[in-house]
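A.B. asks: I have a structure I would like to understand better, so I am pasting it below and will then ask my questions one at a time.
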Amino acid sequence: MTTDPTMTRIGQGVELNHHRGQREAARDLFAQIWDDIGGEQGNPLHVCVLAHSMADVQDDVQQELMWDLRALAAADLVTDERVAQAGVAFSAAGLYPSLHLNLSECYRKLGDLGRAREHLQQARAGIGALGDDEYGRLIKGGLER
């Protein structure tokens with residue numbers, strides 16, 4: 001369970017989107033959190049997870065892609081120490097399979113099948129960083145589909 005208040009707020013937005021079907025409310029909450037953390041200048045873990053979550057509530061695939069690319073750039077700055085401090089149950093490497101899976105889907109929607117395949121390969125290559133928990137099973141299931 002996370003001990004980081006910002007990660008908890010992001011989780012509330014994810015809950016609004018995925019479990020309550022309130023995309024606009026989630027998008028509004030994510031936008032507020034984005035402002036609160038200082039946008040891309042914020043803590044890289046917050047930027048990564050928030051941008052990745054914000055991508056999920058976009059109506060336009062170009063916007064979705066932009067947010068997922070922000071998340072990927074921030075992931076490169078996330079350390080295992082920072083993840084552990086936040087009380088997150090996976091390593092920094094565990095961020096990449098989901099990020100690459102979502103980027104693959106964005107590029108597929110845009111008709112850029114070459115980039116879609118590249119990101120799918122990267123997602124598969126990083127699957128070993130995922131645990132056998134709900135999150136890991138979710139991402140592995142997405143890769144199988």
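Each chain of the structure tokens is named A, B, ... in the order shown, its residues numbered from 1; ligands are numbered from 1 in display order.
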Can you pull out every residue within 7 Å of Ala55 of chain A, counting only C-alpha atoms, but drop anything in the same chain fewer than 2 positions away, and send it as a ChimeraX atom specification?
C.D. replies: /A:51-53,57-58,64-65,67-68
A.B. asks: Okay, now the selection with N, CA and C atoms, as a short mmCIF file (atom, residue, chain, number, x, y, z; two decimals), in the first residue's frame?
C.D. replies:
```
data_model
loop_
_atom_site.label_atom_id
_atom_site.label_comp_id
_atom_site.auth_asym_id
_atom_site.auth_seq_id
_atom_site.Cartn_x
_atom_site.Cartn_y
_atom_site.Cartn_z
N ALA A 51 1.13 11.20 -15.51
CA ALA A 51 1.02 11.35 -16.96
C ALA A 51 0.47 10.07 -17.60
N HIS A 52 0.90 8.94 -17.11
CA HIS A 52 0.41 7.65 -17.61
C HIS A 52 -1.10 7.52 -17.35
N SER A 53 -1.53 7.95 -16.18
CA SER A 53 -2.96 7.92 -15.84
C SER A 53 -3.75 8.95 -16.64
N VAL A 57 -7.35 9.00 -19.84
CA VAL A 57 -8.62 9.74 -19.83
C VAL A 57 -8.72 10.74 -20.98
N GLN A 58 -7.84 10.60 -21.96
CA GLN A 58 -7.88 11.50 -23.11
C GLN A 58 -8.84 10.96 -24.18
N GLU A 64 -3.36 11.48 -25.92
CA GLU A 64 -3.01 10.26 -25.18
C GLU A 64 -1.53 9.94 -25.39
N LEU A 65 -1.09 9.99 -26.63
CA LEU A 65 0.31 9.72 -26.96
C LEU A 65 1.23 10.72 -26.27
N TRP A 67 0.79 12.38 -23.49
CA TRP A 67 0.88 12.09 -22.06
C TRP A 67 1.71 10.82 -21.81
N ASP A 68 1.53 9.80 -22.62
CA ASP A 68 2.32 8.58 -22.41
C ASP A 68 3.80 8.81 -22.70
#
```
A.B. asks: Mind checking which residues fall within 7 Å of His46 of chain A, counting only C-alpha atoms, ignoring those fewer than 4 positions away in the same chain, and posting them as a compact mmCIF listing (two decimals) with N, CA and C atoms, in the first residue's frame?
C.D. replies:
```txt
# COMPACT_ATOMS: atom_id res chain seq x y z
N MET A 7 0.60 9.88 -4.62
CA MET A 7 0.25 8.62 -5.27
C MET A 7 -1.15 8.17 -4.87
N GLY A 42 8.02 18.17 -11.51
CA GLY A 42 7.73 17.49 -10.25
C GLY A 42 8.57 16.24 -10.05
N LEU A 50 1.32 9.92 -12.95
CA LEU A 50 0.23 10.84 -13.26
C LEU A 50 0.04 11.01 -14.77
```
A.B. asks: With only C-alpha atoms as the basis for distance, which of A:Ala123, A:Thr6, A:Val88, A:Val14 is at the shortest distance from Asp35 of chain A?
C.D. replies: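 With only C-alpha atoms as the atom set, the closest residue is A:Thr6.
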A.B. asks: Would you please give, as a VMD selection string, all residues of segment 28-127 of chain A that DSSP assigns to alpha helix (DSSP H) based on the backbone?
C.D. replies: chain A and resid 28 to 37 44 to 55 61 to 75 80 to 85 96 to 109 113 to 125
A.B. asks: From the list A:Val61, A:Leu120, A:Leu99, A:Leu110, which residue is nearest Ala74 of chain A when using only C-alpha atoms?
C.D. replies: A:Leu99
A.B. asks: Any idea what's packed within 10 Å of segment 28-32 of chain A, counting only C-alpha atoms, ignoring anything in its chain fewer than 4 positions away? Could you give it as an mmCIF file with N, CA, C and O atoms, in the first residue's frame?
C.D. replies:
```cif
data_model
loop_
_atom_site.group_PDB
_atom_site.id
_atom_site.type_symbol
_atom_site.label_atom_id
_atom_site.label_comp_id
_atom_site.auth_asym_id
_atom_site.auth_seq_id
_atom_site.Cartn_x
_atom_site.Cartn_y
_atom_site.Cartn_z
ATOM 1 N N ARG A 9 -3.655 10.214 -4.165
ATOM 2 C CA ARG A 9 -4.575 11.055 -4.956
ATOM 3 C C ARG A 9 -4.666 10.558 -6.396
ATOM 4 O O ARG A 9 -5.753 10.540 -6.981
ATOM 5 N N ILE A 10 -3.532 10.181 -6.980
ATOM 6 C CA ILE A 10 -3.561 9.645 -8.345
ATOM 7 C C ILE A 10 -4.402 8.381 -8.367
ATOM 8 O O ILE A 10 -5.215 8.175 -9.275
ATOM 9 N N GLY A 11 -4.240 7.543 -7.351
ATOM 10 C CA GLY A 11 -5.047 6.329 -7.241
ATOM 11 C C GLY A 11 -6.530 6.631 -7.167
ATOM 12 O O GLY A 11 -7.358 5.883 -7.718
ATOM 13 N N GLN A 12 -6.896 7.724 -6.518
ATOM 14 C CA GLN A 12 -8.308 8.119 -6.457
ATOM 15 C C GLN A 12 -8.826 8.473 -7.855
ATOM 16 O O GLN A 12 -9.957 8.139 -8.203
ATOM 17 N N GLY A 13 -7.985 9.119 -8.649
ATOM 18 C CA GLY A 13 -8.371 9.439 -10.021
ATOM 19 C C GLY A 13 -8.520 8.189 -10.874
ATOM 20 O O GLY A 13 -9.443 8.084 -11.686
ATOM 21 N N VAL A 14 -7.614 7.249 -10.682
ATOM 22 C CA VAL A 14 -7.698 5.967 -11.402
ATOM 23 C C VAL A 14 -8.997 5.262 -11.026
ATOM 24 O O VAL A 14 -9.693 4.716 -11.889
ATOM 25 N N LEU A 16 -11.773 6.684 -10.022
ATOM 26 C CA LEU A 16 -12.870 7.399 -10.687
ATOM 27 C C LEU A 16 -13.027 6.940 -12.130
ATOM 28 O O LEU A 16 -14.135 6.720 -12.599
ATOM 29 N N ARG A 23 -14.741 9.580 -16.279
ATOM 30 C CA ARG A 23 -13.537 10.054 -16.988
ATOM 31 C C ARG A 23 -13.262 11.532 -16.781
ATOM 32 O O ARG A 23 -12.139 11.941 -16.539
ATOM 33 N N GLU A 24 -14.305 12.344 -16.936
ATOM 34 C CA GLU A 24 -14.105 13.796 -16.818
ATOM 35 C C GLU A 24 -13.679 14.177 -15.408
ATOM 36 O O GLU A 24 -12.801 15.026 -15.230
ATOM 37 N N ASP A 36 -0.439 20.862 -8.962
ATOM 38 C CA ASP A 36 0.096 20.797 -7.600
ATOM 39 C C ASP A 36 1.536 20.291 -7.551
ATOM 40 O O ASP A 36 2.319 20.737 -6.703
ATOM 41 N N ILE A 37 1.889 19.359 -8.434
ATOM 42 C CA ILE A 37 3.255 18.808 -8.399
ATOM 43 C C ILE A 37 4.240 19.640 -9.214
ATOM 44 O O ILE A 37 5.435 19.360 -9.213
ATOM 45 N N GLY A 39 3.900 20.139 -12.625
ATOM 46 C CA GLY A 39 3.997 19.593 -13.974
ATOM 47 C C GLY A 39 5.225 18.729 -14.148
ATOM 48 O O GLY A 39 5.614 17.987 -13.241
ATOM 49 N N LEU A 50 1.315 9.916 -12.954
ATOM 50 C CA LEU A 50 0.227 10.840 -13.262
ATOM 51 C C LEU A 50 0.044 11.009 -14.771
ATOM 52 O O LEU A 50 -1.083 10.954 -15.276
ATOM 53 N N ALA A 51 1.129 11.196 -15.507
ATOM 54 C CA ALA A 51 1.023 11.348 -16.963
ATOM 55 C C ALA A 51 0.470 10.074 -17.601
ATOM 56 O O ALA A 51 -0.367 10.135 -18.512
ATOM 57 N N SER A 53 -1.535 7.954 -16.181
ATOM 58 C CA SER A 53 -2.960 7.917 -15.841
ATOM 59 C C SER A 53 -3.750 8.946 -16.638
ATOM 60 O O SER A 53 -4.880 8.684 -17.065
ATOM 61 N N MET A 54 -3.157 10.124 -16.830
ATOM 62 C CA MET A 54 -3.814 11.177 -17.611
ATOM 63 C C MET A 54 -4.015 10.721 -19.052
ATOM 64 O O MET A 54 -5.037 11.038 -19.675
ATOM 65 N N VAL A 57 -7.348 8.997 -19.839
ATOM 66 C CA VAL A 57 -8.617 9.740 -19.827
ATOM 67 C C VAL A 57 -8.718 10.739 -20.982
ATOM 68 O O VAL A 57 -9.594 11.598 -20.985
#
```
A.B. asks: Can you work out which one of A:Gly128, A:Leu45, A:Ala25, A:Glu134 has the shortest atom-to-atom distance to Gln85 of chain A, counting only C-alpha atoms?
C.D. replies: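 So, comparing all the options, the nearest one is A:Leu45.
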A.B. asks: Measuring atom to atom with only C-alpha atoms, identify which of A:Asp133, A:Ala86, A:Gln122, A:Gly141 is nearest to Pro5 of chain A.
C.D. replies: A:Ala86
A.B. asks: Find the residue from A:Tyr107, A:Ile33, A:Glu15, A:Ala92 that sits nearest to Gln62 of chain A; use only C-alpha atoms when measuring.
C.D. replies: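 That would be A:Tyr107, the residue with the smallest distance to Gln62 of chain A.
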A.B. asks: Pick out the closest residue to Gly94 of chain A from this set: A:Leu69, A:Gly38, A:Asp76, A:Cys106. Count only C-alpha atoms.
C.D. replies: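 Under the stated criterion, the closest residue is A:Asp76.
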